[in-house]
Amino acid sequence: MPDISAPVEGPSDGKSTAPRRMSAGTVLWVTLAVFAQESVWNFYDAQVPSELRQYIASAGLVGLIMGMDNVLGVLIQPWMGFLSDRRTRDGKGRWAIILTGAALASVPFALIPWTHSLPLLMLCVVGFAAMANAFKGITETLVSDYVAPSHRGKAQGFVKAGVSLTIVVSSLISLLVVDRSITLAFAIPPVLMLLLLTTSWFCLGRRHHAATLSHAGEPSAPETHPAANPPSADFASPWAVIKDMVRGPSRARALLMLGIFCFAGMWSALRSLMTPYGTEALDLSRGSAGGLALPGAVAFLVCVVPLAYASSRLGQVRAMRYGVGVFIVGLLIGFSVPTVPGTVISMVIASVGYAAFAVNALVALWNLAPSRHVLGTYTGLYTVASSTGAALGPALLGLTVDATGWRFMLLNGAVFATITFAVFTRLARRTTPPSH
């Protein structure tokens, strides 16, 4: 069990590099911070489309507007992550950006139901998406600040489990409050976010610089090696970080970014097209088809923490590679057994494979970073890869469906996933320390 008594991962005494046990209290407060911001995003995704539908008849246009936050994330998060890295290196920490961003984002979010015209609604939607993206990746980077490298994979498992519970919170607010008072419903998530972030800061924020310094001597993950993890450098801009990533001797970090792009794309495609697949290929109603993903979501929640612990022993890159393999097996089962039970089993297995990726991808990218002073920037670059993949994946898989029909959708997805498997196979060979 993690050591609950230790408030922060232990500092290096200069005599031993053995990491202390993971602090359960630290992981709890970091998870609470990420949970706080994701609760707002989940409610945003669930209820803002209905607000837009009052003024826009086209579902395609509504979808385009709802995807705008991903575009803003690609543009904003690397730069804000870089800014937070500079503040952390100067001893100021990331919390000022997080708390200021949360306070500013809460205003347009709470005002959404008060708007009575499309221009005002769009102003609030764009304002929230821009401000929330400014601190979203920075909050996720807190894991790397407060948890030692050897424990980040396990900590990320708890964070992902906490994030998955935000769907429950969003659903309860929608179920219990929306029909009674839409203005109150939109006020609850930002208030909850500010309250939880402030609580997390109170328990962790004042020790941010000390926690960061305590990990300076912590050994990196065992699967990295000097060729993949070059010496620390002082980068003048996010572009310098990207150039260093692309020009690295082993290209391991660039390969990992490609793998993140590919797997995020296929997962997004599977989620986006599963409901029409159920109606077209399985003859289900729209409501029944929409429920096909629920067993997979439960499987993700159940297995994500055990997978995080297993991955810490196996290695993040190898775990992701095996996860892609499981994902492919799940899709092939669904293609071979085109029934409702077969599809449900397919989604459960595919979700377990995705969980192995989701819990390890960002941690693996942190482990390959050339310096702890660029972890915020790397978190932003992770968003770039995953968001771009999520935006393009459904369109790419949809084009294959147009060519082959809905019956072959899962097979087409499996074929695309084999490319991802090849990327992670090559990456695993480049990040494995040479045997002696």
# chains A, B, ... in the order shown; residues from 1 in each chain; ligands from 1
call {"tool": "residues_around", "arguments": {"residues": "segment 344-353 of chain A", "least_positions_apart": "5", "cutoff": "7 Å", "atoms": "only C-alpha atoms", "output": "ChimeraX atom specification"}}
result
/A:292-293,295-296,299-300,303,323-324,326-327,330-331,333-334
call {"tool": "closest_atom_pairs", "arguments": {"of": "segment 22-69 of chain A", "to": "segment 116-140 of chain A", "cutoff": "12 Å", "atoms": "only C-alpha atoms", "output": "JSON lines"}}
result
{"residue": "A:Val27", "atom": "CA", "partner": "A:Glu140", "partner_atom": "CA", "distance": 12.0}
{"residue": "A:Trp29", "atom": "CA", "partner": "A:Thr139", "partner_atom": "CA", "distance": 11.4}
{"residue": "A:Val30", "atom": "CA", "partner": "A:Thr139", "partner_atom": "CA", "distance": 8.3}
{"residue": "A:Thr31", "atom": "CA", "partner": "A:Glu140", "partner_atom": "CA", "distance": 8.9}
{"residue": "A:Leu32", "atom": "CA", "partner": "A:Thr139", "partner_atom": "CA", "distance": 10.3}
{"residue": "A:Ala33", "atom": "CA", "partner": "A:Thr139", "partner_atom": "CA", "distance": 6.9}
{"residue": "A:Val34", "atom": "CA", "partner": "A:Thr139", "partner_atom": "CA", "distance": 6.1}
{"residue": "A:Phe35", "atom": "CA", "partner": "A:Thr139", "partner_atom": "CA", "distance": 9.8}
{"residue": "A:Ala36", "atom": "CA", "partner": "A:Thr139", "partner_atom": "CA", "distance": 9.8}
{"residue": "A:Gln37", "atom": "CA", "partner": "A:Lys136", "partner_atom": "CA", "distance": 7.2}
{"residue": "A:Glu38", "atom": "CA", "partner": "A:Lys136", "partner_atom": "CA", "distance": 8.6}
{"residue": "A:Ser39", "atom": "CA", "partner": "A:Lys136", "partner_atom": "CA", "distance": 11.8}
{"residue": "A:Val40", "atom": "CA", "partner": "A:Ala132", "partner_atom": "CA", "distance": 9.3}
{"residue": "A:Trp41", "atom": "CA", "partner": "A:Ala132", "partner_atom": "CA", "distance": 8.6}
{"residue": "A:Tyr44", "atom": "CA", "partner": "A:Val125", "partner_atom": "CA", "distance": 9.1}
{"residue": "A:Asp45", "atom": "CA", "partner": "A:Ala129", "partner_atom": "CA", "distance": 11.0}
{"residue": "A:Gln47", "atom": "CA", "partner": "A:Val125", "partner_atom": "CA", "distance": 11.6}
{"residue": "A:Val48", "atom": "CA", "partner": "A:Val125", "partner_atom": "CA", "distance": 8.2}
{"residue": "A:Pro49", "atom": "CA", "partner": "A:Val125", "partner_atom": "CA", "distance": 10.5}
{"residue": "A:Ser50", "atom": "CA", "partner": "A:Leu121", "partner_atom": "CA", "distance": 11.8}
{"residue": "A:Glu51", "atom": "CA", "partner": "A:Leu121", "partner_atom": "CA", "distance": 8.2}
{"residue": "A:Leu52", "atom": "CA", "partner": "A:Leu118", "partner_atom": "CA", "distance": 7.7}
{"residue": "A:Arg53", "atom": "CA", "partner": "A:Leu118", "partner_atom": "CA", "distance": 10.0}
{"residue": "A:Gln54", "atom": "CA", "partner": "A:Leu118", "partner_atom": "CA", "distance": 8.7}
{"residue": "A:Tyr55", "atom": "CA", "partner": "A:Leu118", "partner_atom": "CA", "distance": 6.2}
{"residue": "A:Ile56", "atom": "CA", "partner": "A:Leu118", "partner_atom": "CA", "distance": 8.5}
{"residue": "A:Val62", "atom": "CA", "partner": "A:Met122", "partner_atom": "CA", "distance": 11.2}
{"residue": "A:Ile65", "atom": "CA", "partner": "A:Val125", "partner_atom": "CA", "distance": 8.9}
{"residue": "A:Met66", "atom": "CA", "partner": "A:Val125", "partner_atom": "CA", "distance": 9.0}
{"residue": "A:Gly67", "atom": "CA", "partner": "A:Ala129", "partner_atom": "CA", "distance": 10.2}
{"residue": "A:Met68", "atom": "CA", "partner": "A:Ala129", "partner_atom": "CA", "distance": 8.0}
{"residue": "A:Asp69", "atom": "CA", "partner": "A:Ala129", "partner_atom": "CA", "distance": 5.3}
call {"tool": "closest_atom_pairs", "arguments": {"of": "segment 287-397 of chain A", "to": "segment 266-281 of chain A", "cutoff": "10 Å", "atoms": "only C-alpha atoms", "output": "JSON lines"}}
result
{"residue": "A:Gly287", "atom": "CA", "partner": "A:Thr275", "partner_atom": "CA", "distance": 8.4}
{"residue": "A:Ser288", "atom": "CA", "partner": "A:Gly278", "partner_atom": "CA", "distance": 7.9}
{"residue": "A:Ala289", "atom": "CA", "partner": "A:Gly278", "partner_atom": "CA", "distance": 4.7}
{"residue": "A:Gly290", "atom": "CA", "partner": "A:Thr275", "partner_atom": "CA", "distance": 5.0}
{"residue": "A:Gly291", "atom": "CA", "partner": "A:Thr275", "partner_atom": "CA", "distance": 8.1}
{"residue": "A:Leu292", "atom": "CA", "partner": "A:Met274", "partner_atom": "CA", "distance": 7.5}
{"residue": "A:Ala293", "atom": "CA", "partner": "A:Arg271", "partner_atom": "CA", "distance": 7.5}
{"residue": "A:Phe327", "atom": "CA", "partner": "A:Trp267", "partner_atom": "CA", "distance": 9.3}
{"residue": "A:Leu331", "atom": "CA", "partner": "A:Leu270", "partner_atom": "CA", "distance": 9.5}
{"residue": "A:Pro338", "atom": "CA", "partner": "A:Ala281", "partner_atom": "CA", "distance": 7.7}
{"residue": "A:Thr339", "atom": "CA", "partner": "A:Ala281", "partner_atom": "CA", "distance": 8.8}
{"residue": "A:Val340", "atom": "CA", "partner": "A:Gly278", "partner_atom": "CA", "distance": 8.2}
{"residue": "A:Thr343", "atom": "CA", "partner": "A:Gly278", "partner_atom": "CA", "distance": 8.8}
{"residue": "A:Met347", "atom": "CA", "partner": "A:Leu270", "partner_atom": "CA", "distance": 9.2}
{"residue": "A:Ala350", "atom": "CA", "partner": "A:Trp267", "partner_atom": "CA", "distance": 8.9}
{"residue": "A:Ser351", "atom": "CA", "partner": "A:Trp267", "partner_atom": "CA", "distance": 8.9}
{"residue": "A:Tyr354", "atom": "CA", "partner": "A:Trp267", "partner_atom": "CA", "distance": 7.4}
{"residue": "A:Ser386", "atom": "CA", "partner": "A:Ser268", "partner_atom": "CA", "distance": 9.5}
{"residue": "A:Ser387", "atom": "CA", "partner": "A:Ser268", "partner_atom": "CA", "distance": 9.5}
{"residue": "A:Gly389", "atom": "CA", "partner": "A:Met266", "partner_atom": "CA", "distance": 7.8}
{"residue": "A:Ala390", "atom": "CA", "partner": "A:Ser268", "partner_atom": "CA", "distance": 5.1}
{"residue": "A:Ala391", "atom": "CA", "partner": "A:Ser268", "partner_atom": "CA", "distance": 7.8}
{"residue": "A:Leu392", "atom": "CA", "partner": "A:Ala269", "partner_atom": "CA", "distance": 8.3}
{"residue": "A:Gly393", "atom": "CA", "partner": "A:Ala269", "partner_atom": "CA", "distance": 5.1}
{"residue": "A:Pro394", "atom": "CA", "partner": "A:Ala269", "partner_atom": "CA", "distance": 3.8}
{"residue": "A:Ala395", "atom": "CA", "partner": "A:Ala269", "partner_atom": "CA", "distance": 7.5}
{"residue": "A:Leu396", "atom": "CA", "partner": "A:Ala269", "partner_atom": "CA", "distance": 8.1}
{"residue": "A:Leu397", "atom": "CA", "partner": "A:Ala269", "partner_atom": "CA", "distance": 6.4}
call {"tool": "residues_around", "arguments": {"residues": "Val143 of chain A", "least_positions_apart": "2", "cutoff": "8 Å", "atoms": "only C-alpha atoms", "output": "list in words"}}
result
Val27, Val30, Glu140, Thr141, Asp145, Tyr146, Val147, Arg152, Ala155 and Gln156 of chain A
call {"tool": "write_last_selection", "arguments": {"atoms": "all heavy atoms", "output": "PDB file, in the first residue's frame"}}
result
ATOM      1  N   VAL A  27      -1.076  11.685  -4.211  1.00  0.00           N
ATOM      2  CA  VAL A  27      -1.812  11.239  -5.392  1.00  0.00           C
ATOM      3  C   VAL A  27      -3.281  11.628  -5.296  1.00  0.00           C
ATOM      4  O   VAL A  27      -3.911  12.023  -6.288  1.00  0.00           O
ATOM      5  CB  VAL A  27      -1.664   9.716  -5.582  1.00  0.00           C
ATOM      6  CG1 VAL A  27      -2.545   9.214  -6.724  1.00  0.00           C
ATOM      7  CG2 VAL A  27      -0.214   9.352  -5.846  1.00  0.00           C
ATOM      8  N   VAL A  30      -3.584  15.410  -6.151  1.00  0.00           N
ATOM      9  CA  VAL A  30      -3.345  15.639  -7.578  1.00  0.00           C
ATOM     10  C   VAL A  30      -4.531  15.139  -8.390  1.00  0.00           C
ATOM     11  O   VAL A  30      -5.003  15.802  -9.319  1.00  0.00           O
ATOM     12  CB  VAL A  30      -2.041  14.947  -8.022  1.00  0.00           C
ATOM     13  CG1 VAL A  30      -1.897  15.004  -9.541  1.00  0.00           C
ATOM     14  CG2 VAL A  30      -0.833  15.600  -7.369  1.00  0.00           C
ATOM     15  N   GLU A 140      -2.644  18.662 -15.529  1.00  0.00           N
ATOM     16  CA  GLU A 140      -2.238  17.274 -15.732  1.00  0.00           C
ATOM     17  C   GLU A 140      -0.751  17.075 -15.453  1.00  0.00           C
ATOM     18  O   GLU A 140      -0.322  15.983 -15.070  1.00  0.00           O
ATOM     19  CB  GLU A 140      -2.578  16.853 -17.164  1.00  0.00           C
ATOM     20  CG  GLU A 140      -4.076  16.835 -17.444  1.00  0.00           C
ATOM     21  CD  GLU A 140      -4.399  16.677 -18.918  1.00  0.00           C
ATOM     22  OE1 GLU A 140      -3.450  16.616 -19.725  1.00  0.00           O
ATOM     23  OE2 GLU A 140      -5.595  16.620 -19.259  1.00  0.00           O
ATOM     24  N   THR A 141       0.055  18.128 -15.624  1.00  0.00           N
ATOM     25  CA  THR A 141       1.485  18.035 -15.393  1.00  0.00           C
ATOM     26  C   THR A 141       1.815  17.947 -13.905  1.00  0.00           C
ATOM     27  O   THR A 141       2.941  17.586 -13.533  1.00  0.00           O
ATOM     28  CB  THR A 141       2.208  19.255 -16.018  1.00  0.00           C
ATOM     29  OG1 THR A 141       1.780  19.407 -17.368  1.00  0.00           O
ATOM     30  CG2 THR A 141       3.715  19.075 -16.022  1.00  0.00           C
ATOM     31  N   ASP A 145       5.172  16.719 -11.178  1.00  0.00           N
ATOM     32  CA  ASP A 145       5.785  17.586 -10.177  1.00  0.00           C
ATOM     33  C   ASP A 145       5.812  16.952  -8.794  1.00  0.00           C
ATOM     34  O   ASP A 145       6.785  17.106  -8.050  1.00  0.00           O
ATOM     35  CB  ASP A 145       5.021  18.912 -10.091  1.00  0.00           C
ATOM     36  CG  ASP A 145       5.237  19.801 -11.304  1.00  0.00           C
ATOM     37  OD1 ASP A 145       6.237  19.593 -12.014  1.00  0.00           O
ATOM     38  OD2 ASP A 145       4.400  20.688 -11.541  1.00  0.00           O
ATOM     39  N   TYR A 146       4.756  16.247  -8.433  1.00  0.00           N
ATOM     40  CA  TYR A 146       4.618  15.761  -7.065  1.00  0.00           C
ATOM     41  C   TYR A 146       4.904  14.273  -6.896  1.00  0.00           C
ATOM     42  O   TYR A 146       5.011  13.795  -5.772  1.00  0.00           O
ATOM     43  CB  TYR A 146       3.201  16.049  -6.550  1.00  0.00           C
ATOM     44  CG  TYR A 146       2.943  17.511  -6.298  1.00  0.00           C
ATOM     45  CD1 TYR A 146       2.233  18.284  -7.197  1.00  0.00           C
ATOM     46  CD2 TYR A 146       3.442  18.126  -5.161  1.00  0.00           C
ATOM     47  CE1 TYR A 146       2.004  19.626  -6.976  1.00  0.00           C
ATOM     48  CE2 TYR A 146       3.220  19.475  -4.917  1.00  0.00           C
ATOM     49  CZ  TYR A 146       2.503  20.221  -5.833  1.00  0.00           C
ATOM     50  OH  TYR A 146       2.292  21.562  -5.607  1.00  0.00           O
ATOM     51  N   VAL A 147       4.999  13.539  -7.993  1.00  0.00           N
ATOM     52  CA  VAL A 147       5.208  12.099  -7.916  1.00  0.00           C
ATOM     53  C   VAL A 147       6.533  11.759  -8.574  1.00  0.00           C
ATOM     54  O   VAL A 147       6.833  12.236  -9.674  1.00  0.00           O
ATOM     55  CB  VAL A 147       4.056  11.333  -8.601  1.00  0.00           C
ATOM     56  CG1 VAL A 147       4.274   9.827  -8.498  1.00  0.00           C
ATOM     57  CG2 VAL A 147       2.722  11.712  -7.966  1.00  0.00           C
ATOM     58  N   ARG A 152       5.142   7.449 -11.284  1.00  0.00           N
ATOM     59  CA  ARG A 152       4.187   8.233 -12.060  1.00  0.00           C
ATOM     60  C   ARG A 152       3.182   7.355 -12.798  1.00  0.00           C
ATOM     61  O   ARG A 152       2.022   7.744 -12.956  1.00  0.00           O
ATOM     62  CB  ARG A 152       4.935   9.125 -13.056  1.00  0.00           C
ATOM     63  CG  ARG A 152       5.622  10.305 -12.398  1.00  0.00           C
ATOM     64  CD  ARG A 152       6.512  11.049 -13.362  1.00  0.00           C
ATOM     65  NE  ARG A 152       7.272  12.095 -12.661  1.00  0.00           N
ATOM     66  CZ  ARG A 152       8.335  12.691 -13.168  1.00  0.00           C
ATOM     67  NH1 ARG A 152       8.778  12.351 -14.370  1.00  0.00           N
ATOM     68  NH2 ARG A 152       8.967  13.622 -12.481  1.00  0.00           N
ATOM     69  N   ALA A 155       0.541   6.395 -10.297  1.00  0.00           N
ATOM     70  CA  ALA A 155      -0.258   7.576  -9.961  1.00  0.00           C
ATOM     71  C   ALA A 155      -1.204   7.941 -11.094  1.00  0.00           C
ATOM     72  O   ALA A 155      -2.361   8.315 -10.864  1.00  0.00           O
ATOM     73  CB  ALA A 155       0.662   8.758  -9.645  1.00  0.00           C
ATOM     74  N   GLN A 156      -0.731   7.804 -12.333  1.00  0.00           N
ATOM     75  CA  GLN A 156      -1.565   8.130 -13.483  1.00  0.00           C
ATOM     76  C   GLN A 156      -2.770   7.208 -13.568  1.00  0.00           C
ATOM     77  O   GLN A 156      -3.835   7.604 -14.052  1.00  0.00           O
ATOM     78  CB  GLN A 156      -0.732   8.046 -14.765  1.00  0.00           C
ATOM     79  CG  GLN A 156      -1.394   8.627 -15.998  1.00  0.00           C
ATOM     80  CD  GLN A 156      -1.418  10.141 -16.002  1.00  0.00           C
ATOM     81  OE1 GLN A 156      -1.179  10.791 -14.996  1.00  0.00           O
ATOM     82  NE2 GLN A 156      -1.692  10.717 -17.152  1.00  0.00           N
TER      83      GLN A 156
END
call {"tool": "closest_atom_pairs", "arguments": {"of": "segment 163-184 of chain A", "to": "segment 94-110 of chain A", "cutoff": "12 Å", "atoms": "only C-alpha atoms", "output": "Markdown table"}}
result
| residue | atom | partner | partner_atom | distance |
| --- | --- | --- | --- | --- |
| A:Ile182 | CA | A:Ala110 | CA | 10.1 |
| A:Thr183 | CA | A:Ala110 | CA | 7.4 |
| A:Leu184 | CA | A:Ala110 | CA | 8.6 |
call {"tool": "closest_residue", "arguments": {"among": "A:Val178, A:Val423, A:Thr388, A:Val241", "to": "Leu75 of chain A", "atoms": "only C-alpha atoms"}}
result
A:Thr388
call {"tool": "atom_distance", "arguments": {"atom1": "atom CA of Ala355 of chain A", "atom2": "atom CA of Val304 of chain A"}}
result
5.7 Å
call {"tool": "select_by_dssp", "arguments": {"residues": "segment 82-216 of chain A", "states": "alpha helix (DSSP H)", "output": "PyMOL selection string"}}
result
chain A and resi 82-89+95-111+118-146+152-164+166-173+182-204+208-214
call {"tool": "write_last_selection", "arguments": {"atoms": "C-alpha atoms", "output": "compact mmCIF listing (two decimals), in the first residue's frame"}}
result
# COMPACT_ATOMS: atom_id res chain seq x y z
CA PHE A 82 6.26 26.13 -21.71
CA LEU A 83 5.35 29.19 -19.62
CA SER A 84 4.58 27.00 -16.61
CA ASP A 85 7.92 25.21 -17.07
CA ARG A 86 9.75 28.55 -16.98
CA ARG A 87 7.88 29.55 -13.81
CA THR A 88 8.68 26.19 -12.20
CA ARG A 89 12.37 26.52 -13.05
CA TRP A 95 -0.40 26.87 -9.34
CA ALA A 96 -0.80 30.59 -10.06
CA ILE A 97 -1.60 29.79 -13.71
CA ILE A 98 -3.99 26.99 -12.72
CA LEU A 99 -5.98 28.98 -10.16
CA THR A 100 -6.08 32.15 -12.27
CA GLY A 101 -7.14 30.20 -15.36
CA ALA A 102 -9.85 28.35 -13.42
CA ALA A 103 -11.26 31.60 -12.02
CA LEU A 104 -11.31 33.27 -15.46
CA ALA A 105 -12.81 30.21 -17.21
CA SER A 106 -15.59 29.94 -14.64
CA VAL A 107 -17.10 33.28 -15.64
CA PRO A 108 -18.00 32.57 -19.31
CA PHE A 109 -19.00 29.01 -18.39
CA ALA A 110 -21.52 30.14 -15.78
CA LEU A 111 -22.86 32.81 -18.18
CA LEU A 118 -25.94 33.26 -30.79
CA PRO A 119 -23.13 35.87 -30.79
CA LEU A 120 -23.19 36.11 -26.98
CA LEU A 121 -23.35 32.33 -26.66
CA MET A 122 -20.38 31.91 -29.00
CA LEU A 123 -18.47 34.54 -27.04
CA CYS A 124 -18.96 32.54 -23.85
CA VAL A 125 -18.19 29.20 -25.53
CA VAL A 126 -14.98 30.46 -27.16
CA GLY A 127 -13.98 32.35 -24.01
CA PHE A 128 -14.37 29.28 -21.83
CA ALA A 129 -12.60 26.95 -24.29
CA ALA A 130 -9.62 29.31 -24.62
CA MET A 131 -9.23 29.99 -20.90
CA ALA A 132 -9.80 26.38 -19.84
CA ASN A 133 -7.24 25.13 -22.35
CA ALA A 134 -4.74 27.60 -20.92
CA PHE A 135 -4.46 25.59 -17.69
CA LYS A 136 -5.81 22.13 -18.66
CA GLY A 137 -2.47 20.59 -19.60
CA ILE A 138 -0.72 22.34 -16.71
CA THR A 139 -3.02 20.66 -14.19
CA GLU A 140 -2.24 17.27 -15.73
CA THR A 141 1.48 18.03 -15.39
CA LEU A 142 1.11 18.18 -11.59
CA VAL A 143 1.58 14.40 -11.56
CA SER A 144 5.15 14.86 -12.77
CA ASP A 145 5.78 17.59 -10.18
CA TYR A 146 4.62 15.76 -7.07
CA ARG A 152 4.19 8.23 -12.06
CA GLY A 153 2.67 5.32 -13.97
CA LYS A 154 0.83 4.07 -10.88
CA ALA A 155 -0.26 7.58 -9.96
CA GLN A 156 -1.56 8.13 -13.48
CA GLY A 157 -3.77 5.06 -13.06
CA PHE A 158 -5.54 6.68 -10.12
CA VAL A 159 -5.81 9.97 -12.01
CA LYS A 160 -7.42 8.25 -15.01
CA ALA A 161 -9.83 6.39 -12.73
CA GLY A 162 -10.77 9.70 -11.13
CA VAL A 163 -11.28 11.32 -14.52
CA SER A 164 -13.60 8.52 -15.61
CA THR A 166 -16.40 12.80 -13.84
CA ILE A 167 -18.86 11.29 -16.31
CA VAL A 168 -20.92 10.16 -13.32
CA VAL A 169 -20.83 13.65 -11.78
CA SER A 170 -21.83 15.28 -15.07
CA SER A 171 -24.65 12.79 -15.54
CA LEU A 172 -25.99 13.38 -12.03
CA ILE A 173 -26.04 17.16 -12.51
CA ILE A 182 -30.38 25.31 -16.26
CA THR A 183 -28.65 28.36 -14.75
CA LEU A 184 -27.99 26.50 -11.49
CA ALA A 185 -26.78 23.47 -13.43
CA PHE A 186 -24.16 25.57 -15.24
CA ALA A 187 -23.10 27.20 -11.97
CA ILE A 188 -22.40 23.97 -10.09
CA PRO A 189 -19.42 22.62 -12.15
CA PRO A 190 -17.29 25.82 -11.99
CA VAL A 191 -17.99 26.27 -8.29
CA LEU A 192 -17.02 22.64 -7.72
CA MET A 193 -13.87 23.16 -9.80
CA LEU A 194 -12.76 26.23 -7.88
CA LEU A 195 -13.48 24.60 -4.52
CA LEU A 196 -11.56 21.41 -5.31
CA LEU A 197 -8.63 23.19 -6.96
CA THR A 198 -8.32 25.54 -3.99
CA THR A 199 -8.38 22.57 -1.61
CA SER A 200 -5.73 20.79 -3.65
CA TRP A 201 -3.57 23.92 -3.72
CA PHE A 202 -3.91 24.33 0.02
CA CYS A 203 -2.59 20.80 0.56
CA LEU A 204 0.04 20.76 -2.20
CA HIS A 208 5.42 22.82 -5.09
CA HIS A 209 9.02 24.01 -5.39
CA ALA A 210 10.26 21.68 -2.66
CA ALA A 211 8.49 18.73 -4.26
CA THR A 212 10.03 19.49 -7.65
CA LEU A 213 13.52 19.77 -6.19
CA SER A 214 13.08 16.49 -4.31
call {"tool": "closest_residue", "arguments": {"among": "A:Leu314, A:Leu282, A:Ala358, A:Leu175", "to": "Gly342 of chain A", "atoms": "only C-alpha atoms"}}
result
A:Leu282
call {"tool": "atom_distance", "arguments": {"atom1": "atom CA of Cys262 of chain A", "atom2": "atom CA of Gly413 of chain A"}}
result
11.1 Å
call {"tool": "atom_distance", "arguments": {"atom1": "atom CA of Leu165 of chain A", "atom2": "atom CA of Ala414 of chain A"}}
result
28.4 Å
call {"tool": "decode", "arguments": {"residues": "segment 353-368 of chain A", "atoms": "C-alpha atoms", "output": "short mmCIF file (atom, residue, chain, number, x, y, z; two decimals), in the first residue's frame"}}
result
data_model
loop_
_atom_site.label_atom_id
_atom_site.label_comp_id
_atom_site.auth_asym_id
_atom_site.auth_seq_id
_atom_site.Cartn_x
_atom_site.Cartn_y
_atom_site.Cartn_z
CA GLY A 353 -6.35 -2.30 -24.59
CA TYR A 354 -7.00 1.44 -24.72
CA ALA A 355 -6.68 1.69 -20.94
CA ALA A 356 -3.14 0.30 -21.19
CA PHE A 357 -2.38 3.13 -23.61
CA ALA A 358 -4.24 5.90 -21.77
CA VAL A 359 -2.53 5.32 -18.45
CA ASN A 360 0.98 5.12 -19.92
CA ALA A 361 1.26 7.46 -22.92
CA LEU A 362 1.86 10.73 -21.09
CA VAL A 363 4.09 9.06 -18.49
CA ALA A 364 6.23 7.53 -21.24
CA LEU A 365 6.56 10.94 -22.87
CA TRP A 366 7.64 12.47 -19.55
CA ASN A 367 10.19 9.68 -19.10
CA LEU A 368 11.72 10.48 -22.49
#
